[in-house]
$ cat work-v9.cif   # mmCIF, C-alpha atoms and all ligand atoms
data_start
#
loop_
_atom_site.label_atom_id
_atom_site.label_comp_id
_atom_site.auth_asym_id
_atom_site.auth_seq_id
_atom_site.Cartn_x
_atom_site.Cartn_y
_atom_site.Cartn_z
CA MET A 219 69.83 117.53 149.38
CA ILE A 220 73.39 117.00 148.26
CA GLN A 221 76.17 118.51 150.36
CA VAL A 222 78.98 119.89 148.19
CA LEU A 223 82.36 119.11 149.77
CA ASP A 224 85.59 120.88 148.91
CA GLU A 225 89.07 119.45 149.24
CA THR A 226 89.36 120.50 152.90
CA GLN A 227 86.26 118.41 153.70
CA ILE A 228 87.57 115.19 152.16
CA ASP A 229 87.32 113.45 155.57
CA ILE A 230 83.54 113.70 155.41
CA ALA A 231 83.62 111.83 152.08
CA ILE A 232 86.02 109.24 153.46
CA ASN A 233 83.82 108.58 156.50
CA ALA A 234 80.70 108.27 154.37
CA LEU A 235 82.41 105.77 152.05
CA LYS A 236 83.69 103.75 155.03
CA ASN A 237 80.07 103.51 156.21
CA ASP A 238 78.79 102.09 152.90
CA GLU A 239 77.36 105.44 151.86
CA LEU A 240 77.89 106.96 148.40
CA CYS A 241 79.81 110.06 147.37
CA ALA A 242 80.18 111.49 143.86
CA ILE A 243 83.83 112.18 143.06
CA PRO A 244 85.63 114.09 140.33
CA THR A 245 87.91 112.25 137.90
CA GLU A 246 89.74 113.56 134.84
CA THR A 247 87.11 111.98 132.54
CA VAL A 248 83.69 112.55 134.16
CA TYR A 249 82.31 112.56 137.73
CA GLY A 250 81.79 109.08 139.19
CA LEU A 251 79.22 107.90 141.76
CA ALA A 252 81.51 106.09 144.18
CA GLY A 253 80.94 103.37 146.77
CA ASN A 254 83.07 100.67 148.43
CA ALA A 255 83.73 98.14 145.66
CA PHE A 256 84.12 95.32 148.21
CA SER A 257 80.71 96.00 149.78
CA GLU A 258 77.55 94.57 148.21
CA ILE A 259 75.53 97.01 150.30
CA ALA A 260 77.32 100.05 148.89
CA VAL A 261 77.31 98.68 145.34
CA ALA A 262 73.57 97.95 145.52
CA LYS A 263 73.04 101.60 146.54
CA ILE A 264 74.87 102.73 143.38
CA PHE A 265 72.52 100.74 141.13
CA GLU A 266 69.52 102.04 143.07
CA ALA A 267 70.56 105.73 142.94
CA LYS A 268 71.22 105.61 139.19
CA LYS A 269 68.28 103.29 138.39
CA ARG A 270 70.88 101.31 136.53
CA PRO A 271 70.02 97.82 135.23
CA PHE A 272 72.01 95.03 136.87
CA PHE A 273 73.36 93.78 133.52
CA ASP A 274 75.59 96.87 133.23
CA PRO A 275 78.92 96.29 135.06
CA LEU A 276 80.77 98.97 137.08
CA ILE A 277 84.40 100.11 136.81
CA VAL A 278 86.56 99.68 139.92
CA HIS A 279 88.83 102.66 140.69
CA LEU A 280 92.19 102.23 142.39
CA SER A 281 94.96 104.42 143.71
CA SER A 282 97.96 104.54 141.36
CA THR A 283 100.07 103.20 144.26
CA GLU A 284 98.26 99.89 143.68
CA MET A 285 99.29 99.58 140.02
CA ASN A 286 101.00 96.25 140.52
CA ILE A 287 99.60 92.87 139.41
CA ALA A 288 100.94 90.82 142.34
CA HIS A 289 99.31 93.26 144.77
CA LEU A 290 96.01 93.32 142.84
CA VAL A 291 95.83 89.50 142.82
CA GLU A 292 96.83 89.31 146.48
CA SER A 293 94.06 91.72 147.47
CA GLY A 294 91.43 89.73 145.54
CA ILE A 295 90.73 92.40 142.95
CA LEU A 296 92.13 90.35 140.05
CA SER A 297 92.69 86.64 139.45
CA PRO A 298 96.14 85.59 138.24
CA LEU A 299 96.93 86.73 134.67
CA THR A 300 98.84 84.87 131.97
CA PRO A 301 102.43 86.15 131.58
CA ALA A 302 101.42 87.61 128.21
CA GLN A 303 98.43 89.43 129.73
CA GLU A 304 100.64 90.78 132.47
CA GLU A 305 103.14 92.07 129.92
CA THR A 306 100.44 93.97 128.01
CA PHE A 307 99.05 95.40 131.24
CA LYS A 308 102.51 96.60 132.25
CA THR A 309 103.18 98.22 128.89
CA LEU A 310 99.82 99.99 128.76
CA SER A 311 99.74 101.04 132.42
CA SER A 312 103.29 102.38 132.37
CA HIS A 313 102.33 104.67 129.47
CA PHE A 314 98.75 105.66 130.24
CA SER A 315 98.08 105.13 133.95
CA PRO A 316 97.15 106.92 136.03
CA GLY A 317 94.83 108.27 133.36
CA PRO A 318 91.70 107.79 131.24
CA LEU A 319 92.17 104.09 130.46
CA THR A 320 90.16 101.15 131.90
CA PHE A 321 91.53 97.58 131.78
CA VAL A 322 89.16 94.59 131.62
CA LEU A 323 90.91 91.63 133.29
CA PRO A 324 89.97 88.41 135.15
CA LYS A 325 88.07 89.30 138.30
CA GLY A 326 89.33 88.39 141.78
CA ARG A 327 87.47 86.85 144.74
CA ASN A 328 86.79 90.10 146.63
CA ILE A 329 84.86 91.80 143.84
CA PRO A 330 81.14 91.04 144.28
CA ASP A 331 79.33 89.63 141.22
CA LEU A 332 77.02 92.63 141.43
CA VAL A 333 79.94 94.89 140.38
CA THR A 334 80.71 92.91 137.23
CA ALA A 335 77.13 91.95 136.31
CA GLY A 336 78.12 88.32 136.78
CA LEU A 337 80.97 88.53 134.24
CA PRO A 338 84.23 86.69 135.00
CA THR A 339 86.11 89.94 134.26
CA VAL A 340 86.36 93.29 136.04
CA GLY A 341 87.11 96.76 134.67
CA ILE A 342 89.81 98.56 136.69
CA ARG A 343 91.04 102.13 136.32
CA PHE A 344 93.63 104.35 138.03
CA PRO A 345 92.31 107.90 137.71
CA SER A 346 94.84 110.71 137.39
CA SER A 347 92.80 113.57 138.81
CA GLN A 348 94.37 114.89 141.98
CA LEU A 349 91.29 114.63 144.20
CA ALA A 350 90.37 111.13 143.04
CA GLY A 351 93.94 110.02 143.77
CA LYS A 352 93.84 111.66 147.17
CA ILE A 353 90.63 109.99 148.30
CA LEU A 354 91.61 106.57 146.89
CA SER A 355 94.97 106.66 148.64
CA GLN A 356 93.23 107.23 151.98
CA LEU A 357 90.74 104.37 151.72
CA PRO A 358 91.37 100.71 152.59
CA PHE A 359 89.22 99.57 149.62
CA PRO A 360 88.77 100.45 145.93
CA LEU A 361 85.80 102.47 144.67
CA ALA A 362 83.20 101.16 142.26
CA ALA A 363 82.12 104.22 140.31
CA PRO A 364 79.93 104.53 137.24
CA SER A 365 79.37 107.97 135.76
CA ALA A 366 77.29 109.97 138.28
CA ASN A 367 74.18 110.42 136.13
CA ARG A 368 70.77 108.76 136.12
CA PHE A 369 70.83 105.79 133.76
CA GLY A 370 70.46 106.77 130.11
CA ARG A 371 71.54 110.37 130.59
CA ILE A 372 74.64 112.42 129.81
CA SER A 373 77.66 111.93 132.07
CA PRO A 374 78.33 114.85 134.48
CA THR A 375 81.49 116.92 134.02
CA CYS A 376 81.12 119.27 137.02
CA ALA A 377 79.61 119.13 140.53
CA GLN A 378 76.50 121.08 139.47
CA ASP A 379 75.75 118.45 136.80
CA VAL A 380 75.85 115.77 139.51
CA ILE A 381 73.42 117.80 141.64
CA ASP A 382 71.09 118.19 138.63
CA GLU A 383 71.21 114.43 138.00
CA LEU A 384 71.04 112.94 141.49
CA LYS A 385 69.59 115.70 143.68
CA THR A 386 67.54 113.57 146.05
CA LYS A 387 69.42 110.31 145.61
CA ILE A 388 72.82 110.87 147.28
CA SER A 389 74.21 112.92 150.17
CA TYR A 390 77.62 114.12 148.96
CA VAL A 391 79.57 115.37 145.97
CA LEU A 392 83.26 116.18 146.23
CA ASP A 393 83.84 119.25 144.06
CA GLY A 394 87.00 119.15 141.93
CA GLY A 395 85.91 121.67 139.30
CA SER A 396 85.40 120.77 135.64
CA CYS A 397 86.77 117.50 134.26
CA SER A 398 89.80 118.01 132.03
CA VAL A 399 89.11 115.19 129.51
CA GLY A 400 85.31 115.45 129.51
CA ILE A 401 84.43 112.05 127.97
CA GLU A 402 84.58 108.63 129.63
CA SER A 403 87.71 106.47 129.67
CA THR A 404 88.86 104.24 126.82
CA ILE A 405 88.05 100.62 127.80
CA VAL A 406 90.41 97.85 126.69
CA LYS A 407 89.98 94.14 127.28
CA ILE A 408 93.33 92.38 127.65
CA ASN A 409 93.13 88.83 126.30
CA PRO A 410 95.16 85.87 127.67
CA ASP A 411 97.33 85.92 124.49
CA ALA A 412 98.40 89.59 125.09
CA SER A 413 96.20 91.04 122.35
CA ILE A 414 93.56 93.59 123.25
CA GLN A 415 90.12 94.70 122.14
CA ILE A 416 88.92 98.28 122.46
CA LEU A 417 85.44 98.09 124.02
CA ARG A 418 84.84 101.85 124.24
CA PRO A 419 86.81 104.57 122.41
CA GLY A 420 88.17 107.52 124.39
CA LYS A 421 91.13 109.86 124.74
CA ILE A 422 93.65 106.98 124.66
CA THR A 423 93.39 106.05 121.00
CA LEU A 424 93.85 102.96 118.84
CA LYS A 425 96.99 104.57 117.42
CA ASN A 426 98.39 105.34 120.91
CA ILE A 427 98.06 101.62 121.72
CA LYS A 428 99.32 100.24 118.40
CA ASP A 429 102.35 102.52 118.61
CA LEU A 430 103.45 100.48 121.65
CA GLY A 431 103.55 97.34 119.50
CA ILE A 432 100.38 95.86 121.05
CA GLU A 433 98.14 93.79 118.80
CA VAL A 434 94.62 95.20 118.65
CA MET A 435 91.96 92.67 117.60
CA SER A 436 89.05 93.85 115.56
CA SER A 437 86.00 91.85 114.66
CA GLY A 438 85.56 92.90 111.08
CA THR A 439 83.12 95.70 110.51
CA HIS A 440 81.25 95.11 113.79
CA SER A 441 83.30 96.59 116.57
CA ILE A 442 82.92 94.85 119.93
CA GLU A 443 81.02 96.86 122.50
CA ALA A 444 81.18 96.84 126.24
CA PRO A 445 77.94 95.54 127.79
CA GLY A 446 75.43 98.08 128.99
CA GLN A 447 76.25 100.72 126.42
CA LEU A 448 72.81 101.43 125.03
CA ASN A 449 72.25 103.88 122.24
CA SER A 450 70.18 106.35 124.20
CA HIS A 451 73.08 106.79 126.54
CA TYR A 452 73.61 110.51 126.04
CA ALA A 453 70.21 111.52 124.78
CA PRO A 454 68.91 115.08 125.27
CA GLU A 455 65.15 115.72 125.12
CA LYS A 456 65.33 118.02 122.11
CA LYS A 457 65.51 116.81 118.51
CA LEU A 458 69.15 116.50 117.56
CA THR A 459 70.39 115.88 114.03
CA LEU A 460 73.98 115.38 113.02
CA ILE A 461 75.78 116.84 109.99
CA ASP A 462 79.07 115.38 109.00
CA THR A 463 81.82 117.98 108.90
CA CYS A 464 82.62 117.50 105.18
CA THR A 465 78.99 118.15 104.20
CA LEU A 466 78.60 121.15 106.50
CA ARG A 467 81.80 122.78 105.28
CA GLU A 468 81.07 122.49 101.56
CA PRO A 469 81.06 126.10 100.28
CA ASN A 470 77.50 125.81 98.93
CA PHE A 471 75.97 124.04 101.95
CA ASN A 472 72.34 125.11 102.15
CA PHE A 473 70.67 125.72 105.52
CA SER A 474 67.36 126.66 103.85
CA GLU A 475 66.05 123.08 103.87
CA PHE A 476 65.51 123.52 107.62
CA GLU A 477 63.80 126.88 107.07
CA GLU A 478 60.45 126.09 108.70
CA LYS A 479 62.18 125.40 112.02
CA LYS A 480 64.41 127.53 114.21
CA ILE A 481 67.85 125.98 114.04
CA GLY A 482 70.62 125.96 116.59
CA LEU A 483 73.98 125.10 115.01
CA ILE A 484 76.74 123.55 117.13
CA THR A 485 80.12 123.07 115.46
CA LEU A 486 83.28 121.36 116.59
CA PHE A 487 85.53 124.17 115.38
CA PRO A 488 84.89 127.81 114.48
CA PHE A 489 82.73 128.08 111.33
CA GLU A 490 82.03 130.86 108.88
CA HIS A 491 79.20 130.72 106.35
CA PRO A 492 77.06 133.50 104.82
CA ASN A 493 73.80 131.84 105.91
CA LYS A 494 74.95 130.57 109.26
CA PRO A 495 72.00 130.31 111.72
CA SER A 496 71.88 133.12 114.27
CA LEU A 497 72.06 130.62 117.13
CA TYR A 498 75.55 129.24 116.68
CA VAL A 499 78.02 127.74 119.17
CA SER A 500 81.50 126.35 118.50
CA LEU A 501 82.77 123.71 120.95
CA SER A 502 86.30 125.01 120.60
CA LYS A 503 87.60 128.54 120.29
CA ASN A 504 91.19 127.50 119.69
CA GLY A 505 90.49 124.72 117.16
CA LYS A 506 91.89 121.99 119.42
CA LEU A 507 90.23 118.58 119.85
CA ASP A 508 90.95 118.43 123.58
CA GLU A 509 88.83 121.53 124.01
CA VAL A 510 86.03 119.94 121.94
CA SER A 511 85.94 116.83 124.15
CA ARG A 512 86.13 118.91 127.35
CA ASN A 513 83.07 120.94 126.30
CA LEU A 514 81.08 118.18 124.59
CA PHE A 515 78.86 116.94 127.43
CA SER A 516 78.24 120.32 129.03
CA THR A 517 77.11 121.55 125.61
CA LEU A 518 74.88 118.49 125.04
CA ARG A 519 73.45 119.09 128.50
CA SER A 520 72.58 122.70 127.63
CA LEU A 521 70.80 121.91 124.33
CA ASP A 522 67.37 121.62 125.90
CA SER A 523 67.59 125.18 127.20
CA LEU A 524 68.55 126.70 123.82
CA ASP A 525 65.93 128.82 122.09
CA CYS A 526 65.47 126.71 118.96
CA ASP A 527 63.39 123.79 117.61
CA VAL A 528 66.08 121.68 115.99
CA ILE A 529 69.74 121.26 116.84
CA GLN A 530 72.18 120.68 114.02
CA PHE A 531 75.41 119.27 115.40
CA GLU A 532 78.61 119.01 113.36
CA THR A 533 80.28 115.61 113.67
CA PRO A 534 83.73 114.35 112.77
CA SER A 535 83.73 112.45 109.46
CA PRO A 536 82.64 108.77 109.64
CA ASN A 537 86.18 107.51 109.10
CA ALA A 538 87.67 109.78 111.78
CA GLU A 539 90.33 108.28 114.02
CA GLY A 540 91.61 108.88 117.52
CA LEU A 541 89.82 111.32 119.81
CA GLU A 542 87.60 112.43 116.89
CA HIS A 543 86.38 108.83 116.62
CA ALA A 544 85.51 108.83 120.34
CA ILE A 545 83.64 112.15 119.96
CA LEU A 546 81.70 110.74 116.98
CA ASN A 547 80.84 107.65 119.07
CA ARG A 548 79.31 109.84 121.81
CA LEU A 549 77.44 112.04 119.32
CA ASN A 550 75.96 109.05 117.49
CA ARG A 551 74.63 107.77 120.81
CA ALA A 552 73.22 111.18 121.68
CA ALA A 553 71.40 111.51 118.38
CA SER A 554 69.88 108.03 118.32
CA ASP A 555 66.26 108.66 119.18
CA PRO A 556 65.21 106.93 122.40
CA HIS A 557 61.74 108.52 122.51
O1 LIG B 601 85.77 107.43 132.64
C1 LIG B 601 85.09 106.53 133.10
O2 LIG B 601 85.25 105.33 132.79
C2 LIG B 601 84.00 106.90 134.12
C3 LIG B 601 84.68 107.45 135.37
C4 LIG B 601 83.72 107.74 136.49
O3 LIG B 601 85.70 106.57 135.76
N1 LIG B 601 83.17 105.78 134.42
C5 LIG B 601 82.25 105.29 133.55
O4 LIG B 601 81.50 104.27 134.09
O5 LIG B 601 82.10 105.70 132.42
P1 LIG B 601 80.13 103.77 133.45
O6 LIG B 601 79.58 102.85 134.46
O7 LIG B 601 79.29 104.91 133.07
O8 LIG B 601 80.58 102.90 132.24
C6 LIG B 601 81.27 101.72 132.49
C7 LIG B 601 81.15 100.78 131.36
C8 LIG B 601 79.97 99.82 131.46
O9 LIG B 601 78.80 100.35 130.93
C9 LIG B 601 80.46 98.67 130.61
O10 LIG B 601 80.11 98.96 129.28
C10 LIG B 601 81.99 98.72 130.79
O11 LIG B 601 82.28 99.91 131.44
N2 LIG B 601 82.48 97.63 131.65
C11 LIG B 601 82.64 97.61 132.99
N3 LIG B 601 83.09 96.41 133.40
C12 LIG B 601 83.22 95.65 132.31
C13 LIG B 601 83.63 94.30 132.05
N4 LIG B 601 83.98 93.48 133.04
N5 LIG B 601 83.64 93.86 130.77
C14 LIG B 601 83.28 94.68 129.76
N6 LIG B 601 82.87 95.96 129.93
C15 LIG B 601 82.83 96.44 131.17
MG MG B 602 77.87 105.99 132.16
#
$ encode --input "work-v9.cif" --output "structure tokens"
Amino acid sequence: MIQVLDETQIDIAINALKNDELCAIPTETVYGLAGNAFSEIAVAKIFEAKKRPFFDPLIVHLSSTEMNIAHLVESGILSPLTPAQEETFKTLSSHFSPGPLTFVLPKGRNIPDLVTAGLPTVGIRFPSSQLAGKILSQLPFPLAAPSANRFGRISPTCAQDVIDELKTKISYVLDGGSCSVGIESTIVKINPDASIQILRPGKITLKNIKDLGIEVMSSGTHSIEAPGQLNSHYAPEKKLTLIDTCTLREPNFNFSEFEEKKIGLITLFPFEHPNKPSLYVSLSKNGKLDEVSRNLFSTLRSLDSLDCDVIQFETPSPNAEGLEHAILNRLNRAASDPH
């Protein structure tokens, strides 16, 4: 059984973490399954609870008071950076941290190889959610925290999702309500020459980063991916097919080709059509992308309980940029058939 802790019970979470136990914590992106990042015992428990393969590295979460390279090197979280790398880190962190951005940088001596899957780099993030900041500032170590779901499932965006995912596997979840961003952090790798690569798209966009004058490397048509991101990552059980927004919103779009099956239609924004299926949900009421991303995973999570055979899900167009690109990335993973 998982005990749900509120803010007044944060000491219980702190004690558990100090004793190499795990506690799920809220962040602004998704809930994380946290353990002492300096402890191999705690980190091994994270992999065990999630049934996560050891080739998939974990992100290390830090209090924003630790957002200083000299301190991070001193405490063995990072190895020394090149001056150019340090400059890029400073520019990005001063604009977007604390917040939904993870930096991949040379790993320091106190981070166990288990955390980084043997890689010479470590992902670090300074979450902005109030409760995550509060717990991190009261601990003498950083927290390794992957999303608090069983491996291959949708990331949790509220405490109940964590309970549904990890019921018998962990003892505590700290309840901070629903996550405000709703999709996982943008991951950037900062290279020794100051350029960066985006390993996972998220709320902090390519444009946000380029606007700061930072060079973003691309590798032609094949974008570089962070290790461990498998296609079934967000898969629901039910058959899910995607319709690109331009196709769906053509005035003569025809739903009849799906006639033999009961369709559930999920759109990004409100949608009017004479033959719209009776089971219809829009991810946003106000037509704003932030609302779409906030509701995306909870909606994906609810698909299996909808009374229909097939889910049609509107996607951003293939050349979408920014947060729409990140949403498309998650939907493409959800719809890739793992079964
Ligand atoms: O928003 C988030 O990032 C959430 C919250 C809890 O902070 N965490 C999260 O963790 O999404 P997780 O474990 O579900 O995804 C972390 C991904 C790994 O799968 C891997 O792709 C990438 O981060 N990653 C971690 N360390 C890395 C490294 N050293 N090099 C490249 N990619 C890395
Ligand atoms: Mg995950």
$ atom_distance --input "work-v9.cif" --atom1 "atom CA of A:Ala363" --atom2 "atom CA of A:Glu304"
24.2 Å
$ residues_near_ligand --input "work-v9.cif" --ligand "ligand MG 602 (chain B)" --cutoff "8 Å" --atoms "all atoms listed in the file" --output "ChimeraX atom specification"
/A:364-367,369-373,402,447,451
$ closest_residue --input "work-v9.cif" --among "A:Asp382, A:Glu258, A:Glu266, A:Asp238" --to "A:Met219" --atoms "all atoms listed in the file"
A:Asp382
$ residues_around --input "work-v9.cif" --residues "stretch 289-296 of chain A" --least-positions-apart "2" --cutoff "6 Å" --atoms "all atoms listed in the file" --output "compact mmCIF listing (two decimals) with C-alpha atoms, keeping the file's coordinate frame"
# COMPACT_ATOMS: atom_id res chain seq x y z
CA ASN A 286 101.00 96.25 140.52
CA ILE A 287 99.60 92.87 139.41
CA PRO A 324 89.97 88.41 135.15
CA LYS A 325 88.07 89.30 138.30
CA GLY A 326 89.33 88.39 141.78
CA ARG A 327 87.47 86.85 144.74
CA ASN A 328 86.79 90.10 146.63
CA ILE A 329 84.86 91.80 143.84
$ residues_near_ligand --input "work-v9.cif" --ligand "ligand LIG 601 (chain B)" --cutoff "6 Å" --atoms "all atoms listed in the file" --output "ChimeraX atom specification"
/A:247-250,274-277,322,334,337,339-341,363-365,402-403,444-447
$ atom_distance --input "work-v9.cif" --atom1 "atom CA of A:Asn472" --atom2 "atom CA of A:Asp508"
29.2 Å
$ closest_residue --input "work-v9.cif" --among "A:Asp411, A:Glu509, A:Glu490, A:Asp429" --to "A:Pro301" --atoms "only C-alpha atoms"
A:Asp411
$ residues_around --input "work-v9.cif" --residues "A:Leu240" --least-positions-apart "2" --cutoff "9 Å" --atoms "only C-alpha atoms" --output "list in words"
Ala231, Ala234, Leu235, Asn237, Asp238, Ala242, Leu251, Ala252, Gly253, Asn254, Ala260, Val261, Lys263, Ile264, Ile388, Ser389, Tyr390 and Val391 of chain A
$ closest_residue --input "work-v9.cif" --among "A:Gln415, A:Asn504, A:Phe531, A:Ser520" --to "A:Thr485" --atoms "only C-alpha atoms"
A:Phe531
$ axis_aligned_box --input "work-v9.cif" --around "stretch 536-553 of chain A" --padding-each-side "3 Å" --output "JSON"
{"center_x": 81.5, "center_y": 110.0, "center_z": 115.5, "size_x": 26.2, "size_y": 10.9, "size_z": 18.7}
$ atom_distance --input "work-v9.cif" --atom1 "atom CA of A:Ala552" --atom2 "atom CA of A:Pro488"
21.6 Å
$ residues_near_point --input "work-v9.cif" --point "(82.3, 119.8, 109.2)" --cutoff "7 Å" --atoms "all atoms listed in the file" --output "VMD selection string"
chain A and resid 462 to 467 532 to 534
$ write_last_selection --input "work-v9.cif" --atoms "C-alpha atoms" --output "short mmCIF file (atom, residue, chain, number, x, y, z; two decimals), keeping the file's coordinate frame"
data_model
loop_
_atom_site.label_atom_id
_atom_site.label_comp_id
_atom_site.auth_asym_id
_atom_site.auth_seq_id
_atom_site.Cartn_x
_atom_site.Cartn_y
_atom_site.Cartn_z
CA ASP A 462 79.07 115.38 109.00
CA THR A 463 81.82 117.98 108.90
CA CYS A 464 82.62 117.50 105.18
CA THR A 465 78.99 118.15 104.20
CA LEU A 466 78.60 121.15 106.50
CA ARG A 467 81.80 122.78 105.28
CA GLU A 532 78.61 119.01 113.36
CA THR A 533 80.28 115.61 113.67
CA PRO A 534 83.73 114.35 112.77
#
$ residues_near_point --input "work-v9.cif" --point "(77.3, 112.6, 116.3)" --cutoff "6 Å" --atoms "only C-alpha atoms" --output "list in words"
Leu460, Thr533, Leu546, Leu549 and Asn550 of chain A
$ write_last_selection --input "work-v9.cif" --atoms "C-alpha atoms" --output "PDB file, keeping the file's coordinate frame"
ATOM      1  CA  LEU A 460      73.980 115.380 113.020  1.00  0.00           C
ATOM      2  CA  THR A 533      80.280 115.610 113.670  1.00  0.00           C
ATOM      3  CA  LEU A 546      81.700 110.740 116.980  1.00  0.00           C
ATOM      4  CA  LEU A 549      77.440 112.040 119.320  1.00  0.00           C
ATOM      5  CA  ASN A 550      75.960 109.050 117.490  1.00  0.00           C
TER       6      ASN A 550
END
$ closest_residue --input "work-v9.cif" --among "A:Ser257, A:Val399, A:Glu468, A:Ile353" --to "A:Pro330" --atoms "only C-alpha atoms"
A:Ser257
$ closest_residue --input "work-v9.cif" --among "A:Ile461, A:Cys397, A:Thr245, A:Ala350" --to "A:Pro536" --atoms "only C-alpha atoms"
A:Ile461
$ residues_around --input "work-v9.cif" --residues "A:Asp522" --least-positions-apart "5" --cutoff "7 Å" --atoms "all atoms listed in the file" --output "JSON list (two decimals) with C-alpha atoms, keeping the file's coordinate frame"
[["chain", "number", "residue", "atom", "x", "y", "z"],
["A", 454, "PRO", "CA", 68.91, 115.08, 125.27],
["A", 455, "GLU", "CA", 65.15, 115.72, 125.12],
["A", 456, "LYS", "CA", 65.33, 118.02, 122.11]]
$ closest_residue --input "work-v9.cif" --among "A:Leu354, A:Leu518, A:Val434, A:Leu384" --to "A:Asn409" --atoms "only C-alpha atoms"
A:Val434
$ residues_around --input "work-v9.cif" --residues "A:Leu280" --least-positions-apart "6" --cutoff "8 Å" --atoms "all atoms listed in the file" --output "MDAnalysis selection string"
chainID A and resid 342:345 354 360:361
$ residues_around --input "work-v9.cif" --residues "A:Arg512" --least-positions-apart "2" --cutoff "10 Å" --atoms "all atoms listed in the file" --output "MDAnalysis selection string"
chainID A and resid 246:248 375 396:401 501:502 507:510 514:517
